[in-house]
file start.txt (compact mmCIF, C-alpha atoms and all ligand atoms)
# COMPACT_ATOMS: atom_id res chain seq x y z
CA MET A 550 0.00 0.00 0.00
CA ASN A 551 1.52 3.37 -1.01
CA ALA A 552 -0.53 5.93 0.86
CA ALA A 553 -0.81 4.20 4.19
CA LEU A 554 0.74 1.39 6.12
CA SER A 555 -1.74 -0.71 8.03
CA ALA A 556 -0.75 -3.00 10.86
CA VAL A 557 -3.04 -5.26 12.82
CA ASP A 558 -2.15 -5.41 16.49
CA PRO A 559 -1.89 -9.17 17.11
CA VAL A 560 -3.19 -8.84 20.67
CA ALA A 561 -6.09 -6.49 20.23
CA GLN A 562 -6.89 -7.01 16.54
CA ALA A 563 -7.32 -3.27 16.27
CA GLN A 564 -5.90 -1.38 13.37
CA VAL A 565 -3.15 1.28 13.40
CA THR A 566 -2.87 3.06 10.07
CA LEU A 567 0.20 5.20 9.44
CA VAL A 568 -0.28 7.64 6.58
CA LYS A 569 2.99 7.67 4.67
CA HIS A 570 2.12 10.21 1.98
CA PRO A 571 5.20 12.38 1.26
CA LEU A 572 3.23 15.65 1.49
CA LEU A 573 2.06 14.73 4.96
CA GLN A 574 5.49 13.50 6.06
CA HIS A 575 7.12 16.74 4.85
CA LYS A 576 4.61 18.83 6.79
CA LEU A 577 5.09 16.67 9.88
CA SER A 578 8.86 17.21 9.69
CA LEU A 579 8.27 20.98 9.60
CA MET A 580 6.09 20.62 12.69
CA ARG A 581 8.86 18.71 14.48
CA ASP A 582 11.41 21.45 13.74
CA ALA A 583 11.89 23.55 16.89
CA ARG A 584 12.43 26.64 14.69
CA THR A 585 8.84 26.50 13.34
CA GLY A 586 6.80 29.32 14.85
CA VAL A 587 3.27 29.35 16.22
CA LYS A 588 1.45 30.56 13.09
CA GLU A 589 3.14 28.06 10.78
CA PHE A 590 2.81 25.23 13.29
CA ARG A 591 -0.94 25.81 13.60
CA GLU A 592 -1.39 25.94 9.82
CA LEU A 593 0.64 22.77 9.39
CA ALA A 594 -1.40 20.98 12.06
CA GLY A 595 -4.56 21.81 10.13
CA GLU A 596 -3.10 20.66 6.82
CA VAL A 597 -1.80 17.41 8.31
CA SER A 598 -5.23 16.82 9.84
CA LEU A 599 -6.90 17.13 6.45
CA LEU A 600 -4.54 14.54 5.00
CA LEU A 601 -5.18 12.23 7.97
CA ALA A 602 -8.93 12.67 7.54
CA TYR A 603 -8.65 11.69 3.88
CA GLU A 604 -7.34 8.30 5.04
CA ALA A 605 -9.52 7.99 8.16
CA MET A 606 -12.66 8.53 6.10
CA ARG A 607 -11.67 6.19 3.30
CA ASP A 608 -14.42 3.70 4.23
CA LEU A 609 -17.33 6.16 4.36
CA GLU A 610 -20.32 4.76 2.52
CA THR A 611 -21.65 6.27 -0.70
CA ASP A 612 -24.85 5.71 -2.68
CA LEU A 613 -25.45 6.49 -6.32
CA VAL A 614 -27.76 9.47 -6.71
CA GLY A 615 -29.35 10.44 -10.01
CA PHE A 616 -29.27 14.03 -11.30
CA ASP A 617 -28.45 16.06 -14.40
CA THR A 618 -25.01 17.46 -15.09
CA PRO A 619 -25.05 20.39 -17.56
CA ILE A 620 -24.47 17.73 -20.24
CA GLU A 621 -26.57 14.66 -19.40
CA HIS A 622 -28.36 12.70 -16.72
CA GLY A 623 -26.30 10.29 -14.65
CA GLU A 624 -25.91 8.53 -11.32
CA PHE A 625 -23.08 9.71 -9.11
CA PRO A 626 -21.68 8.74 -5.68
CA MET A 627 -22.80 10.83 -2.72
CA LEU A 628 -22.04 10.23 0.97
CA SER A 629 -24.63 8.05 2.69
CA GLY A 630 -24.79 5.91 5.81
CA LYS A 631 -24.27 7.18 9.32
CA LYS A 632 -23.75 10.89 9.82
CA LEU A 633 -20.42 12.06 11.24
CA ALA A 634 -19.24 13.65 14.44
CA LEU A 635 -15.84 15.24 14.98
CA VAL A 636 -14.78 15.38 18.62
CA ALA A 637 -11.73 17.31 19.78
CA ILE A 638 -9.73 16.57 22.90
CA LEU A 639 -9.00 20.09 24.18
CA ARG A 640 -6.91 21.98 23.69
CA ALA A 641 -4.73 20.63 20.92
CA GLY A 642 -7.36 18.52 19.15
CA LEU A 643 -9.33 21.67 18.39
CA VAL A 644 -7.05 22.74 15.55
CA MET A 645 -7.65 19.33 13.95
CA THR A 646 -11.48 19.40 14.08
CA GLU A 647 -11.52 23.01 12.90
CA ALA A 648 -9.61 21.97 9.77
CA VAL A 649 -11.54 18.78 9.12
CA VAL A 650 -15.02 20.28 9.55
CA ASP A 651 -14.43 22.29 6.36
CA LEU A 652 -14.10 18.94 4.54
CA VAL A 653 -17.29 17.49 6.07
CA PRO A 654 -19.41 20.55 6.91
CA ALA A 655 -22.47 18.47 7.84
CA ALA A 656 -20.56 16.85 10.72
CA LYS A 657 -21.47 17.83 14.25
CA VAL A 658 -18.60 18.83 16.52
CA GLY A 659 -18.05 17.85 20.15
CA HIS A 660 -15.42 18.84 22.73
CA ILE A 661 -13.83 16.93 25.58
CA GLY A 662 -11.67 18.95 27.95
CA LEU A 663 -8.77 17.03 29.48
CA TYR A 664 -5.34 18.03 30.60
CA ARG A 665 -2.52 15.80 31.73
CA ASP A 666 -1.33 16.34 35.29
CA PRO A 667 2.40 17.07 34.86
CA GLN A 668 3.34 15.05 37.98
CA THR A 669 1.19 11.96 37.65
CA LEU A 670 0.71 12.15 33.83
CA LYS A 671 -2.91 11.13 34.50
CA PRO A 672 -5.70 12.92 32.61
CA VAL A 673 -7.83 15.44 34.48
CA ALA A 674 -11.30 15.96 32.97
CA TYR A 675 -12.79 19.48 33.04
CA TYR A 676 -15.38 19.66 30.24
CA ALA A 677 -17.49 17.60 27.87
CA LYS A 678 -20.09 18.74 25.35
CA LEU A 679 -21.12 16.19 22.74
CA PRO A 680 -23.79 16.01 20.02
CA GLN A 681 -26.97 14.56 21.59
CA ASP A 682 -27.36 12.02 18.78
CA ILE A 683 -23.76 10.81 19.00
CA ALA A 684 -24.92 7.18 19.38
CA GLY A 685 -26.01 7.16 15.74
CA ARG A 686 -22.96 8.92 14.33
CA ARG A 687 -19.51 7.79 13.21
CA VAL A 688 -17.15 9.57 15.56
CA PHE A 689 -13.69 10.84 14.63
CA LEU A 690 -11.85 11.76 17.83
CA THR A 691 -8.91 14.12 17.35
CA ASP A 692 -5.79 14.71 19.43
CA PRO A 693 -2.37 15.37 17.88
CA MET A 694 -0.45 13.45 20.56
CA LEU A 695 -0.97 9.89 21.83
CA ALA A 696 1.68 9.62 24.55
CA THR A 697 0.87 7.48 27.62
CA GLY A 698 -2.61 7.08 26.13
CA GLY A 699 -4.32 8.19 29.33
CA SER A 700 -6.11 11.14 27.71
CA ALA A 701 -7.33 9.17 24.70
CA VAL A 702 -8.50 6.23 26.83
CA ALA A 703 -10.50 8.61 29.06
CA ALA A 704 -11.94 10.53 26.10
CA ILE A 705 -13.05 7.34 24.37
CA GLN A 706 -14.73 6.23 27.59
CA THR A 707 -16.58 9.58 27.73
CA LEU A 708 -17.76 9.00 24.16
CA LYS A 709 -18.89 5.45 24.92
CA ASP A 710 -20.68 6.58 28.09
CA ALA A 711 -22.60 9.00 25.85
CA GLY A 712 -23.58 6.08 23.58
CA ALA A 713 -21.00 6.32 20.78
CA GLN A 714 -20.52 2.99 19.03
CA SER A 715 -18.25 3.77 16.10
CA ILE A 716 -15.07 5.62 17.02
CA LYS A 717 -11.81 6.27 15.17
CA LEU A 718 -8.91 8.09 16.81
CA MET A 719 -6.97 10.53 14.62
CA CYS A 720 -3.53 11.54 15.92
CA ILE A 721 -0.50 13.20 14.41
CA LEU A 722 2.09 11.37 16.52
CA VAL A 723 1.72 8.16 18.52
CA VAL A 724 4.10 5.95 20.49
CA PRO A 725 3.82 2.20 21.13
CA GLU A 726 2.89 2.79 24.81
CA GLY A 727 -0.09 4.93 23.84
CA VAL A 728 -1.26 2.58 21.11
CA ALA A 729 -1.07 -0.36 23.55
CA ALA A 730 -3.04 1.55 26.19
CA VAL A 731 -5.84 2.44 23.75
CA HIS A 732 -6.01 -1.05 22.34
CA ALA A 733 -6.07 -2.64 25.80
CA ALA A 734 -8.92 -0.42 27.00
CA HIS A 735 -10.79 0.00 23.72
CA PRO A 736 -9.89 -2.78 21.26
CA ASP A 737 -12.67 -1.69 18.91
CA VAL A 738 -11.09 1.72 18.22
CA ASP A 739 -8.85 2.06 15.18
CA ILE A 740 -6.07 4.66 15.17
CA ILE A 741 -4.93 6.77 12.22
CA ALA A 742 -1.63 8.60 12.66
CA ALA A 743 1.13 10.28 10.69
CA ALA A 744 3.98 8.50 12.50
CA ILE A 745 4.82 6.18 15.36
CA ASP A 746 7.76 7.57 17.34
CA LYS A 747 10.33 5.80 19.55
CA GLY A 748 8.74 6.28 22.95
CA LEU A 749 8.45 8.65 25.91
CA ASN A 750 11.04 10.60 27.88
CA ASP A 751 11.09 10.91 31.70
CA HIS A 752 8.47 13.70 31.53
CA GLY A 753 6.09 11.68 29.36
CA TYR A 754 6.92 13.61 26.18
CA ILE A 755 7.08 11.84 22.85
CA VAL A 756 10.64 11.28 21.52
CA PRO A 757 11.70 12.69 19.08
CA GLY A 758 8.19 14.16 18.93
CA LEU A 759 7.32 17.79 18.34
CA GLY A 760 7.13 19.12 21.90
CA ASP A 761 3.98 20.21 23.71
CA ALA A 762 1.34 20.38 20.99
CA GLY A 763 -1.00 22.75 22.85
CA ASP A 764 1.80 25.18 23.66
CA ARG A 765 3.09 25.16 20.09
CA ILE A 766 -0.39 25.68 18.61
CA TYR A 767 -1.39 28.47 20.97
CA GLY A 768 2.02 29.98 21.83
CA THR A 769 1.60 29.45 25.53
CA LYS A 770 5.24 28.72 26.23
C1 LIG B 801 -1.55 16.73 25.47
C2 LIG B 801 -2.10 16.14 24.18
C3 LIG B 801 -2.93 14.99 24.68
C4 LIG B 801 -2.15 14.52 25.88
C5 LIG B 801 -1.42 13.28 25.50
O1 LIG B 801 -2.51 17.52 26.08
O2 LIG B 801 -2.81 17.06 23.41
O3 LIG B 801 -4.26 15.35 25.03
O4 LIG B 801 -1.24 15.57 26.23
O5 LIG B 801 -0.80 12.71 26.59
P1 LIG B 801 -1.21 11.28 27.16
O6 LIG B 801 -1.36 10.36 26.01
O7 LIG B 801 -0.04 10.93 28.02
O8 LIG B 801 -2.47 11.44 27.94
P2 LIG B 801 -2.18 18.32 27.43
O9 LIG B 801 -2.42 17.45 28.62
O10 LIG B 801 -0.82 18.94 27.31
O11 LIG B 801 -3.33 19.42 27.49
P3 LIG B 801 -3.50 20.74 26.63
O12 LIG B 801 -3.80 20.33 25.20
O13 LIG B 801 -4.68 21.40 27.26
O14 LIG B 801 -2.24 21.55 26.72
N1 LIG B 802 1.55 15.88 25.03
C1 LIG B 802 2.18 16.69 24.14
O1 LIG B 802 1.67 17.76 23.79
N2 LIG B 802 3.37 16.32 23.68
C2 LIG B 802 3.95 15.16 24.03
O2 LIG B 802 5.05 14.86 23.54
C3 LIG B 802 3.29 14.33 24.94
C4 LIG B 802 2.08 14.72 25.43
call {"tool": "encode", "arguments": {"input": "start.txt", "output": "structure tokens", "more": "lines below"}}
Ligand code: PRP
Ligand code: URA
result
Amino acid sequence: MNAALSAVDPVAQAQVTLVKHPLLQHKLSLMRDARTGVKEFRELAGEVSLLLAYEAMRDLETDLVGFDTPIEHGEFPMLSGKKLALVAILRAGLVMTEAVVDLVPAAKVGHIGLYRDPQTLKPVAYYAKLPQDIAGRRVFLTDPMLATGGSAVAAIQTLKDAGAQSIKLMCILVVPEGVAAVHAAHPDVDIIAAAIDKGLNDHGYIVPGLGDAGDRIYGTK
């Protein structure tokens, strides 16, 4: 497969898809570069998210719909099946949903507020607002960084508690620890990412990574 590399986790049978497209990989490398400033980083995060969404939404259903082009009548594919929901893990996931909603403007958007306690690295929940009909929607959960996996595991549980049944996790960077944590807790959730990095440093940051995604998107450090 050229565009993406799929691997089935032998334990969980869940899917991790790494999108290897050169455009995406180039933009990811620019994001990793410590010299990249806030404005460019935020733009790149949006562009990378669009390219991830292209792969994450590859299996959306379509039906043939009949109508006239200016030249002749025909039947053409249009999206069908379950409606979509984009859910951001705040803060950093917001830049991803804001980019992707332009691609799927009929999607509803939800927000889950979590931050990682710097000492314990455990997620602390502070907000959740989800579409009321989330149970009937295909959910694309966004967070650029899957590190220990604590935040994603908690966010997926929040979605499931609200009734969500079909969830994909879109990340920019993941590490094996985070993937294992998500698959152990939620083996039904597939992950789409731009790259799988080496692991975590003593502060729980992804190595080589791109630093603190929220701080780089919003210029808070
Ligand atoms: C970052 C990132 C993830 C989380 C990943 O958020 O956006 O949500 O850390 O780490 P984990 O996999 O170990 O849970 P952060 O806690 O820095 O919050 P912020 O986006 O509000 O800055
Ligand atoms: N959260 C981030 O923003 N970056 C990391 O490397 C790990 C967690």
call {"tool": "closest_residue", "arguments": {"input": "start.txt", "among": "A:Asp746, A:Asp761, A:Asp582, A:Asp739", "to": "Ala605 of chain A", "atoms": "only C-alpha atoms"}}
result
A:Asp739
call {"tool": "residues_around", "arguments": {"input": "start.txt", "residues": "segment 694-702 of chain A", "least_positions_apart": "2", "cutoff": "7 Å", "atoms": "only C-alpha atoms", "output": "list in words"}}
result
Leu663, Lys671, Pro672, Asp692, Ala704, Ile705, Gln706, Cys720, Ile721, Leu722, Val723, Val724, Glu726, Gly727, Val728, Ala730, Val731, Ala734, Leu749, Gly753, Tyr754 and Ile755 of chain A
call {"tool": "residues_around", "arguments": {"input": "start.txt", "residues": "segment 629-642 of chain A", "least_positions_apart": "5", "cutoff": "7 Å", "atoms": "all atoms listed in the file", "output": "PyMOL selection string"}}
result
chain A and resi 610-612+656-663+685-693+762-763
call {"tool": "atom_distance", "arguments": {"input": "start.txt", "atom1": "atom C1 of ligand LIG 802 (chain B)", "atom2": "atom CA of Pro680 of chain A"}}
result
26.3 Å
call {"tool": "residues_around", "arguments": {"input": "start.txt", "residues": "Met580 of chain A", "least_positions_apart": "4", "cutoff": "8 Å", "atoms": "all atoms listed in the file", "output": "list in words"}}
result
Lys576, Thr585, Phe590, Leu593, Ala594 and Leu759 of chain A
call {"tool": "closest_residue", "arguments": {"input": "start.txt", "among": "A:Ile741, A:Val756, A:Ala583, A:Leu670", "to": "ligand LIG 801 (chain B)", "atoms": "all atoms listed in the file"}}
result
A:Leu670
call {"tool": "atom_distance", "arguments": {"input": "start.txt", "atom1": "atom O3 of ligand LIG 801 (chain B)", "atom2": "atom CA of Ala703 of chain A"}}
result
10.0 Å
call {"tool": "closest_residue", "arguments": {"input": "start.txt", "among": "A:Arg581, A:Phe625, A:Val738, A:Ala684", "to": "ligand LIG 802 (chain B)", "atoms": "all atoms listed in the file"}}
result
A:Arg581
call {"tool": "atom_distance", "arguments": {"input": "start.txt", "atom1": "atom CA of His732 of chain A", "atom2": "atom CA of Gly760 of chain A"}}
result
24.1 Å
call {"tool": "closest_residue", "arguments": {"input": "start.txt", "among": "A:Lys678, A:Arg584, A:Arg607, A:Lys770", "to": "ligand LIG 802 (chain B)", "atoms": "all atoms listed in the file"}}
result
A:Lys770
call {"tool": "residues_around", "arguments": {"input": "start.txt", "residues": "Ala713 of chain A", "least_positions_apart": "3", "cutoff": "7 Å", "atoms": "only C-alpha atoms", "output": "number ranges by chain"}}
result
A: 683-684, 708-709
call {"tool": "closest_residue", "arguments": {"input": "start.txt", "among": "A:Ala733, A:Lys569, A:Gly623, A:Ile740", "to": "Val597 of chain A", "atoms": "all atoms listed in the file"}}
result
A:Lys569
call {"tool": "closest_residue", "arguments": {"input": "start.txt", "among": "A:Ala744, A:Leu643, A:Leu573, A:Val587", "to": "ligand LIG 801 (chain B)", "atoms": "all atoms listed in the file"}}
result
A:Leu643
call {"tool": "axis_aligned_box", "arguments": {"input": "start.txt", "around": "ligand LIG 801 (chain B)", "padding_each_side": "4 Å", "output": "AutoDock Vina command-line options"}}
result
--center_x -2.4 --center_y 16.0 --center_z 26.0 --size_x 12.6 --size_y 19.2 --size_z 13.2
